[in-house]
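start.pdb, holding PDB, C-alpha atoms:
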ATOM      1  CA  GLY A   1     -97.776-143.011  34.635
ATOM      2  CA  THR A   2     -98.673-146.670  34.508
ATOM      3  CA  LEU A   3     -97.308-149.475  32.345
ATOM      4  CA  ASP A   4     -99.470-151.343  29.869
ATOM      5  CA  THR A   5     -99.628-155.125  29.813
ATOM      6  CA  PRO A   6     -96.624-156.592  27.930
ATOM      7  CA  GLU A   7     -97.356-157.133  24.255
ATOM      8  CA  THR A   8     -95.562-159.381  21.772
ATOM      9  CA  VAL A   9     -94.283-157.531  18.699
ATOM     10  CA  GLU A  10     -94.034-159.798  15.665
ATOM     11  CA  PRO A  11     -91.002-159.265  13.379
ATOM     12  CA  THR A  12     -91.549-157.035  10.344
ATOM     13  CA  PRO A  13     -89.081-155.460   7.879
ATOM     14  CA  ILE A  14     -89.363-152.135   9.720
ATOM     15  CA  ILE A  15     -90.302-151.461  13.338
ATOM     16  CA  ILE A  16     -90.795-147.811  14.298
ATOM     17  CA  PHE A  17     -90.445-147.381  18.043
ATOM     18  CA  GLU A  18     -91.682-143.958  19.145
ATOM     19  CA  GLY A  19     -92.803-142.185  22.286
ATOM     20  CA  LEU A  20     -91.353-140.247  25.192
ATOM     21  CA  HIS A  21     -88.814-142.849  26.324
ATOM     22  CA  PRO A  22     -87.634-144.905  23.321
ATOM     23  CA  MET A  23     -83.935-144.492  24.185
ATOM     24  CA  HIS A  24     -84.189-144.493  27.985
ATOM     25  CA  ASP A  25     -83.565-148.239  28.445
ATOM     26  CA  GLU A  26     -80.133-149.450  27.368
ATOM     27  CA  ARG A  27     -81.563-152.880  26.452
ATOM     28  CA  VAL A  28     -83.864-151.194  23.925
ATOM     29  CA  ARG A  29     -81.171-148.824  22.621
ATOM     30  CA  ASP A  30     -79.015-151.789  21.680
ATOM     31  CA  LEU A  31     -81.768-153.025  19.351
ATOM     32  CA  LEU A  32     -82.260-149.759  17.462
ATOM     33  CA  ASP A  33     -80.546-149.260  14.095
ATOM     34  CA  PHE A  34     -81.123-145.505  13.982
ATOM     35  CA  THR A  35     -82.416-143.028  16.556
ATOM     36  CA  LEU A  36     -84.004-139.607  16.123
ATOM     37  CA  TYR A  37     -84.853-137.038  18.803
ATOM     38  CA  LEU A  38     -87.164-134.063  18.191
ATOM     39  CA  ASP A  39     -85.951-131.270  20.480
ATOM     40  CA  ILE A  40     -88.383-128.357  20.832
ATOM     41  CA  SER A  41     -86.816-125.460  22.750
ATOM     42  CA  ASP A  42     -88.552-124.111  25.866
ATOM     43  CA  ASP A  43     -89.346-120.793  24.151
ATOM     44  CA  VAL A  44     -90.961-122.457  21.140
ATOM     45  CA  LYS A  45     -92.894-124.882  23.359
ATOM     46  CA  LEU A  46     -94.239-121.965  25.361
ATOM     47  CA  ASN A  47     -95.230-120.023  22.241
ATOM     48  CA  TRP A  48     -97.004-123.047  20.763
ATOM     49  CA  LYS A  49     -98.738-123.907  24.034
ATOM     50  CA  VAL A  50     -99.884-120.314  24.575
ATOM     51  CA  GLN A  51    -101.273-120.182  21.048
ATOM     52  CA  ARG A  52    -103.116-123.481  21.453
ATOM     53  CA  ASP A  53    -104.292-123.281  25.049
ATOM     54  CA  MET A  54    -105.019-119.556  25.323
ATOM     55  CA  GLU A  55    -106.342-118.800  21.849
ATOM     56  CA  GLU A  56    -108.077-122.110  21.150
ATOM     57  CA  ARG A  57    -108.963-123.468  24.603
ATOM     58  CA  GLY A  58    -109.328-120.314  26.703
ATOM     59  CA  HIS A  59    -106.744-121.211  29.360
ATOM     60  CA  SER A  60    -104.970-118.515  31.352
ATOM     61  CA  LEU A  61    -101.252-117.795  30.963
ATOM     62  CA  GLU A  62    -100.754-118.626  34.654
ATOM     63  CA  SER A  63    -102.265-122.099  34.268
ATOM     64  CA  ILE A  64    -100.162-122.769  31.174
ATOM     65  CA  LEU A  65     -96.922-121.790  32.937
ATOM     66  CA  ALA A  66     -97.875-123.897  35.976
ATOM     67  CA  SER A  67     -98.533-126.906  33.739
ATOM     68  CA  ILE A  68     -95.131-126.546  32.056
ATOM     69  CA  GLU A  69     -93.291-126.187  35.371
ATOM     70  CA  ALA A  70     -95.057-129.233  36.832
ATOM     71  CA  ARG A  71     -93.785-131.444  34.006
ATOM     72  CA  LYS A  72     -90.261-130.008  33.819
ATOM     73  CA  PRO A  73     -88.561-132.149  36.534
ATOM     74  CA  ASP A  74     -89.621-135.415  34.872
ATOM     75  CA  PHE A  75     -88.715-134.054  31.434
ATOM     76  CA  ASP A  76     -85.241-133.051  32.605
ATOM     77  CA  ALA A  77     -84.706-136.386  34.371
ATOM     78  CA  TYR A  78     -86.022-138.892  31.841
ATOM     79  CA  ILE A  79     -86.620-137.346  28.415
ATOM     80  CA  ALA A  80     -83.967-134.704  27.721
ATOM     81  CA  PRO A  81     -81.000-137.028  28.538
ATOM     82  CA  GLN A  82     -81.994-139.257  25.602
ATOM     83  CA  LYS A  83     -80.554-136.628  23.247
ATOM     84  CA  GLU A  84     -77.097-137.968  24.037
ATOM     85  CA  ASN A  85     -78.013-141.320  22.461
ATOM     86  CA  ALA A  86     -79.700-139.931  19.334
ATOM     87  CA  ASP A  87     -78.074-140.331  15.933
ATOM     88  CA  LEU A  88     -80.019-137.344  14.600
ATOM     89  CA  ILE A  89     -81.528-134.490  16.583
ATOM     90  CA  ILE A  90     -83.928-132.025  14.993
ATOM     91  CA  GLU A  91     -83.733-128.920  17.158
ATOM     92  CA  VAL A  92     -86.500-126.305  16.870
ATOM     93  CA  LEU A  93     -85.619-122.816  18.127
ATOM     94  CA  PRO A  94     -86.896-119.232  17.808
ATOM     95  CA  THR A  95     -85.510-117.299  14.849
ATOM     96  CA  ASP A  96     -82.238-115.431  15.209
ATOM     97  CA  LEU A  97     -83.237-113.044  12.417
ATOM     98  CA  ASP A  98     -85.655-110.900  14.454
ATOM     99  CA  PRO A  99     -85.799-111.005  18.282
ATOM    100  CA  GLU A 100     -89.401-109.726  18.238
ATOM    101  CA  ASP A 101     -90.630-112.483  15.908
ATOM    102  CA  LYS A 102     -92.396-115.250  17.861
ATOM    103  CA  LYS A 103     -93.521-117.353  14.890
ATOM    104  CA  THR A 104     -90.543-117.811  12.564
ATOM    105  CA  LEU A 105     -88.407-120.832  13.440
ATOM    106  CA  ARG A 106     -84.720-121.707  13.301
ATOM    107  CA  VAL A 107     -84.341-125.455  12.845
ATOM    108  CA  ARG A 108     -81.127-127.469  13.142
ATOM    109  CA  ALA A 109     -80.394-131.044  12.059
ATOM    110  CA  ILE A 110     -77.641-132.251  14.405
ATOM    111  CA  GLN A 111     -76.210-135.356  12.742
ATOM    112  CA  LYS A 112     -73.879-137.624  14.658
ATOM    113  CA  LEU A 113     -70.748-138.742  12.794
ATOM    114  CA  GLY A 114     -69.636-142.369  12.581
ATOM    115  CA  VAL A 115     -73.136-143.914  12.597
ATOM    116  CA  SER A 116     -73.330-147.110  10.550
ATOM    117  CA  ASP A 117     -74.894-146.593   7.080
ATOM    118  CA  PHE A 118     -75.665-142.909   7.810
ATOM    119  CA  ASN A 119     -74.055-140.143   5.754
ATOM    120  CA  PRO A 120     -74.895-136.694   7.189
ATOM    121  CA  SER A 121     -76.177-133.966   4.883
ATOM    122  CA  TYR A 122     -74.357-130.677   4.378
ATOM    123  CA  ILE A 123     -74.469-127.526   2.234
ATOM    124  CA  PHE A 124     -72.047-126.942  -0.667
ATOM    125  CA  ASP A 125     -68.802-128.382   0.763
ATOM    126  CA  GLU A 126     -68.337-131.181   3.290
ATOM    127  CA  GLY A 127     -66.338-130.149   6.341
ATOM    128  CA  SER A 128     -66.619-126.410   5.648
ATOM    129  CA  SER A 129     -68.516-123.945   7.830
ATOM    130  CA  ILE A 130     -71.053-122.291   5.543
ATOM    131  CA  GLU A 131     -73.450-119.395   6.182
ATOM    132  CA  TRP A 132     -75.735-118.643   3.235
ATOM    133  CA  SER A 133     -78.526-116.139   2.629
ATOM    134  CA  PRO A 134     -80.172-117.050  -0.717
ATOM    135  CA  PRO A 135     -80.879-114.052  -3.013
ATOM    136  CA  ALA A 136     -84.500-112.927  -3.117
ATOM    137  CA  ASP A 137     -84.712-113.280  -6.910
ATOM    138  CA  LYS A 138     -84.026-117.021  -6.586
ATOM    139  CA  LEU A 139     -85.850-117.780  -3.331
ATOM    140  CA  ALA A 140     -88.688-115.578  -2.116
ATOM    141  CA  SER A 141     -88.967-115.433   1.652
ATOM    142  CA  PRO A 142     -91.187-113.219   3.853
ATOM    143  CA  ALA A 143     -89.656-111.013   6.541
ATOM    144  CA  PRO A 144     -87.353-111.509   8.379
ATOM    145  CA  GLY A 145     -85.812-113.374   5.427
ATOM    146  CA  MET A 146     -83.887-116.656   5.374
ATOM    147  CA  LYS A 147     -80.464-117.905   6.367
ATOM    148  CA  LEU A 148     -78.952-121.376   6.079
ATOM    149  CA  LYS A 149     -75.893-122.742   7.820
ATOM    150  CA  SER A 150     -73.858-125.920   7.649
ATOM    151  CA  GLY A 151     -70.699-127.170   9.279
ATOM    152  CA  PRO A 152     -68.969-129.405  11.814
ATOM    153  CA  GLU A 153     -69.662-128.862  15.516
ATOM    154  CA  GLU A 154     -69.394-130.692  18.820
ATOM    155  CA  PHE A 155     -72.610-131.695  20.607
ATOM    156  CA  MET A 156     -72.626-133.264  24.081
ATOM    157  CA  GLY A 157     -68.961-134.132  23.638
ATOM    158  CA  LYS A 158     -69.387-135.845  20.249
ATOM    159  CA  PRO A 159     -68.522-134.655  16.721
ATOM    160  CA  VAL A 160     -71.559-133.795  14.615
ATOM    161  CA  GLN A 161     -72.452-132.264  11.259
ATOM    162  CA  VAL A 162     -75.132-129.569  11.466
ATOM    163  CA  VAL A 163     -77.487-128.224   8.809
ATOM    164  CA  GLU A 164     -79.592-125.244   9.858
ATOM    165  CA  MET A 165     -82.435-123.289   8.284
ATOM    166  CA  ASP A 166     -83.787-120.045   9.751
ATOM    167  CA  GLY A 167     -86.835-118.508   8.027
ATOM    168  CA  THR A 168     -89.707-119.570   5.781
ATOM    169  CA  PHE A 169     -90.453-120.080   2.081
ATOM    170  CA  ASP A 170     -92.908-117.954   0.119
ATOM    171  CA  ASN A 171     -93.047-120.393  -2.785
ATOM    172  CA  LEU A 172     -92.404-124.045  -1.964
ATOM    173  CA  GLN A 173     -91.557-124.860  -5.581
ATOM    174  CA  GLU A 174     -88.459-122.672  -5.219
ATOM    175  CA  LEU A 175     -87.132-125.163  -2.652
ATOM    176  CA  VAL A 176     -85.449-126.890  -5.588
ATOM    177  CA  TYR A 177     -82.873-124.068  -5.451
ATOM    178  CA  ILE A 178     -82.020-125.048  -1.852
ATOM    179  CA  GLU A 179     -81.997-128.699  -2.872
ATOM    180  CA  SER A 180     -79.312-127.947  -5.453
ATOM    181  CA  ALA A 181     -77.007-126.766  -2.632
ATOM    182  CA  LEU A 182     -77.705-129.676  -0.282
ATOM    183  CA  LYS A 183     -75.421-132.719  -0.491
ATOM    184  CA  ASN A 184     -75.883-136.257   0.854
ATOM    185  CA  THR A 185     -79.655-135.859   0.789
ATOM    186  CA  ASN A 186     -80.142-139.604   0.186
ATOM    187  CA  THR A 187     -82.613-138.824  -2.596
ATOM    188  CA  LYS A 188     -82.760-141.042  -5.674
ATOM    189  CA  PHE A 189     -82.954-138.151  -8.143
ATOM    190  CA  TYR A 190     -82.542-134.379  -8.212
ATOM    191  CA  GLY A 191     -85.867-132.793  -7.279
ATOM    192  CA  GLU A 192     -87.152-135.679  -5.137
ATOM    193  CA  LEU A 193     -86.774-133.619  -1.954
ATOM    194  CA  THR A 194     -88.813-130.749  -3.410
ATOM    195  CA  GLN A 195     -91.353-133.199  -4.802
ATOM    196  CA  ALA A 196     -91.817-134.805  -1.374
ATOM    197  CA  MET A 197     -92.275-131.399   0.268
ATOM    198  CA  LEU A 198     -94.848-130.337  -2.337
ATOM    199  CA  LYS A 199     -96.914-133.450  -1.602
ATOM    200  CA  LEU A 200     -97.258-132.205   1.982
ATOM    201  CA  ALA A 201     -97.675-128.532   1.090
ATOM    202  CA  ASP A 202    -100.698-128.158   3.381
ATOM    203  CA  ALA A 203     -99.042-129.803   6.389
ATOM    204  CA  PRO A 204     -97.733-127.720   9.320
ATOM    205  CA  GLY A 205     -94.076-126.793   8.843
ATOM    206  CA  SER A 206     -94.047-127.442   5.114
ATOM    207  CA  ASN A 207     -92.772-123.905   4.468
ATOM    208  CA  ASN A 208     -89.955-123.894   7.028
ATOM    209  CA  GLY A 209     -87.060-125.894   8.424
ATOM    210  CA  THR A 210     -89.203-128.336  10.394
ATOM    211  CA  GLY A 211     -90.623-129.763   7.182
ATOM    212  CA  LEU A 212     -87.349-129.575   5.255
ATOM    213  CA  LEU A 213     -85.171-131.267   7.855
ATOM    214  CA  GLN A 214     -87.752-133.904   8.786
ATOM    215  CA  THR A 215     -88.000-134.765   5.082
ATOM    216  CA  LEU A 216     -84.204-135.104   4.938
ATOM    217  CA  ALA A 217     -84.445-137.388   7.988
ATOM    218  CA  ALA A 218     -87.035-139.528   6.210
ATOM    219  CA  PHE A 219     -84.749-139.976   3.199
ATOM    220  CA  ALA A 220     -81.846-140.858   5.503
ATOM    221  CA  ILE A 221     -83.963-143.531   7.224
ATOM    222  CA  ARG A 222     -85.028-144.946   3.854
ATOM    223  CA  SER A 223     -81.397-145.147   2.775
ATOM    224  CA  ILE A 224     -80.331-146.844   6.018
ATOM    225  CA  TYR A 225     -83.124-149.409   5.638
ATOM    226  CA  GLU A 226     -82.122-150.182   2.059
ATOM    227  CA  LYS A 227     -78.451-150.593   3.001
ATOM    228  CA  LYS A 228     -79.180-152.867   5.958
ATOM    229  CA  SER A 229     -81.684-154.907   3.924
ATOM    230  CA  ALA A 230     -79.122-155.416   1.158
ATOM    231  CA  SER A 231     -76.494-156.433   3.716
ATOM    232  CA  ALA A 232     -78.871-158.939   5.350
ATOM    233  CA  LYS A 233     -79.768-160.481   1.977
ATOM    234  CA  ALA A 234     -76.095-160.813   1.046
ATOM    235  CA  LYS A 235     -75.426-162.728   4.261
ATOM    236  CA  ALA A 236     -78.463-165.013   3.897
TER     237      ALA A 236
END
Show me this structure written as structure tokens.
Amino acid sequence: GTLDTPETVEPTPIIIFEGLHPMHDERVRDLLDFTLYLDISDDVKLNWKVQRDMEERGHSLESILASIEARKPDFDAYIAPQKENADLIIEVLPTDLDPEDKKTLRVRAIQKLGVSDFNPSYIFDEGSSIEWSPPADKLASPAPGMKLKSGPEEFMGKPVQVVEMDGTFDNLQELVYIESALKNTNTKFYGELTQAMLKLADAPGSNNGTGLLQTLAAFAIRSIYEKKSASAKAKA
């Protein structure tokens, strides 16, 4: 690609720096308070691209695969390595509940430990490894069902706390049951997570882990901003 003409960015309370290479340059990384990487697995990328390009644009499977392979060397060299520098990675994978299911997603929030002003979320008990399948009478979920996990892991040689959701909701209002089990959500009141999800009920991913864990990420970023703003005011 080509580089645009340099542009002056005036200071504001919040600067969101997004794109394919936000963490590639060490000089930029040093200026970022919190970093997030959205990691779509190869299988999910292929499924999404086939659905979009074949069903909606009429492309052949061969052309789709060739397009993916052509981009892979640059992706592996310049984009994927940025995961190591992310404070939070949202990983989107195929479901583990049914190997034949190409639509249901398993989504993981990989939260780095020791990040300033960031308290990772977990389910039920901090530090424990939890695997939880909510009962159908409290949380309706279409086949192949739903499973949540939480616990400490190691990712790229660093300790992390992981929250995982595999499956989809039938009734988004029942998310409040999941919210009751989640800890360190950075919400200001019980039910705020569910309320935020309901506001985006028509958005893609609102009924699965992509919406849930991105909403948790948004609350974490809000909390980090508030803490750093308060610290800056105290020093002024």
Practice item. With the file shown as input, list the residues that the PyMOL selection byres ((chain A and resi 167) around 7) selects, as a PyMOL selection string. Key: chain A and resi 104-106+145-147+165-166+168+208
Those residues with C-alpha atoms, as a PDB file, in the frame of the given file please?
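That gives us out_19.pdb:
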ATOM      1  CA  THR A 104     -90.543-117.811  12.564  1.00  0.00           C
ATOM      2  CA  LEU A 105     -88.407-120.832  13.440  1.00  0.00           C
ATOM      3  CA  ARG A 106     -84.720-121.707  13.301  1.00  0.00           C
ATOM      4  CA  GLY A 145     -85.812-113.374   5.427  1.00  0.00           C
ATOM      5  CA  MET A 146     -83.887-116.656   5.374  1.00  0.00           C
ATOM      6  CA  LYS A 147     -80.464-117.905   6.367  1.00  0.00           C
ATOM      7  CA  MET A 165     -82.435-123.289   8.284  1.00  0.00           C
ATOM      8  CA  ASP A 166     -83.787-120.045   9.751  1.00  0.00           C
ATOM      9  CA  THR A 168     -89.707-119.570   5.781  1.00  0.00           C
ATOM     10  CA  ASN A 208     -89.955-123.894   7.028  1.00  0.00           C
TER      11      ASN A 208
END
Within 12 Å of region 171-178 of chain A: each region 16-129 of chain A residue with its shortest pair, all atoms listed in the file, as a tab-separated table:
residue	atom	partner	partner_atom	distance
A:Tyr122	CA	A:Ile178	CA	11.4
A:Ile123	CA	A:Ile178	CA	8.9
A:Phe124	CA	A:Ile178	CA	10.2
Could you take the residues named above and write them with C-alpha atoms, as an mmCIF file, in the coordinates of the input?
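Saved to again-v6.cif:
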data_model
loop_
_atom_site.group_PDB
_atom_site.id
_atom_site.type_symbol
_atom_site.label_atom_id
_atom_site.label_comp_id
_atom_site.auth_asym_id
_atom_site.auth_seq_id
_atom_site.Cartn_x
_atom_site.Cartn_y
_atom_site.Cartn_z
ATOM 1 C CA TYR A 122 -74.357 -130.677 4.378
ATOM 2 C CA ILE A 123 -74.469 -127.526 2.234
ATOM 3 C CA PHE A 124 -72.047 -126.942 -0.667
#
Exercise for review: Would you write out, as a ChimeraX atom specification, every residue that the PyMOL selection byres ((chain A and resi 79) around 12) captures in this file?
Suggested key: /A:19-25,37-40,71-78,80-86
Practice item. Using the chain letters and numbers from the file, give me the residues hit by the PyMOL selection byres ((chain A and resi 130) around 6), as a ChimeraX atom specification. Key: /A:129,131,149-150
Could the residues in this selection be saved with C-alpha atoms as a PDB file, in the frame of the given file?
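Output below, filename again_39.pdb:
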ATOM      1  CA  SER A 129     -68.516-123.945   7.830  1.00  0.00           C
ATOM      2  CA  GLU A 131     -73.450-119.395   6.182  1.00  0.00           C
ATOM      3  CA  LYS A 149     -75.893-122.742   7.820  1.00  0.00           C
ATOM      4  CA  SER A 150     -73.858-125.920   7.649  1.00  0.00           C
TER       5      SER A 150
END
Review point. Nearest to Pro152 (chain A) among A:Glu192, A:Glu126, A:Glu10, A:Asp137, with distances taken over all atoms listed in the file: which residue is it?
Key: A:Glu126
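Counting only C-alpha atoms and comparing A:Lys138, A:Lys228, A:Lys102, A:Arg222, the residue that lies closest to Thr185 (chain A) is A:Arg222.
A straight line drawn from CA of Ala217 (chain A) to CA of Ala109 (chain A) is 8.6 Å long.
Around Ile68 (chain A), within 10 Å and counting only C-alpha atoms, the residues found are Asp42, Lys45, Leu46, Lys49, Ser63, Pro73 and Phe75 of chain A, once anything fewer than 5 positions away on its own chain is removed.
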**Study point:** Computed interatomic separation between CA of Arg57 (chain A) and CA of Val44 (chain A) (Å)
**Key:** 18.4 Å
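Counting all atoms listed in the file, the residue from A:Ala136, A:Ile15, A:Leu198, A:Leu216 that sits nearest to Ile90 (chain A) is A:Leu216.
Take the candidates A:Leu200, A:Leu97, A:Leu61, A:Val28 and check each one against Leu212 (chain A) using all atoms listed in the file; the shortest distance goes to A:Leu200.
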Revision key, fill the gap. From CA of Ser180 (chain A) to CA of Ser141 (chain A) the spacing works out at 17.3 Å
Box centre and edge lengths (Å, one decimal), axis-aligned, region 105-116 of chain A plus 3 Å each side, as AutoDock Vina command-line options:
--center_x -79.0 --center_y -134.0 --center_z 12.6 --size_x 24.8 --size_y 32.3 --size_z 10.1
Could you pull out every residue with an atom within 9 Å of (-81.6, -120.6, 17.1), file coordinates, counting all atoms listed in the file, and send them as a PDB file with C-alpha atoms, in the coordinates of the input?
ATOM      1  CA  GLU A  91     -83.733-128.920  17.158  1.00  0.00           C
ATOM      2  CA  VAL A  92     -86.500-126.305  16.870  1.00  0.00           C
ATOM      3  CA  LEU A  93     -85.619-122.816  18.127  1.00  0.00           C
ATOM      4  CA  PRO A  94     -86.896-119.232  17.808  1.00  0.00           C
ATOM      5  CA  THR A  95     -85.510-117.299  14.849  1.00  0.00           C
ATOM      6  CA  ASP A  96     -82.238-115.431  15.209  1.00  0.00           C
ATOM      7  CA  LEU A 105     -88.407-120.832  13.440  1.00  0.00           C
ATOM      8  CA  ARG A 106     -84.720-121.707  13.301  1.00  0.00           C
ATOM      9  CA  VAL A 107     -84.341-125.455  12.845  1.00  0.00           C
ATOM     10  CA  ARG A 108     -81.127-127.469  13.142  1.00  0.00           C
ATOM     11  CA  GLU A 164     -79.592-125.244   9.858  1.00  0.00           C
ATOM     12  CA  ASP A 166     -83.787-120.045   9.751  1.00  0.00           C
TER      13      ASP A 166
END
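Counting all atoms listed in the file, the residue from A:Pro144, A:Ser41, A:Ser229, A:Thr187 that sits nearest to Pro99 (chain A) is A:Pro144.
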**Study point:** Top pick for closest residue to Ser121 (chain A), considering A:Phe189, A:Phe219, A:Phe155, A:Phe34 and counting only C-alpha atoms
**Key:** A:Phe219
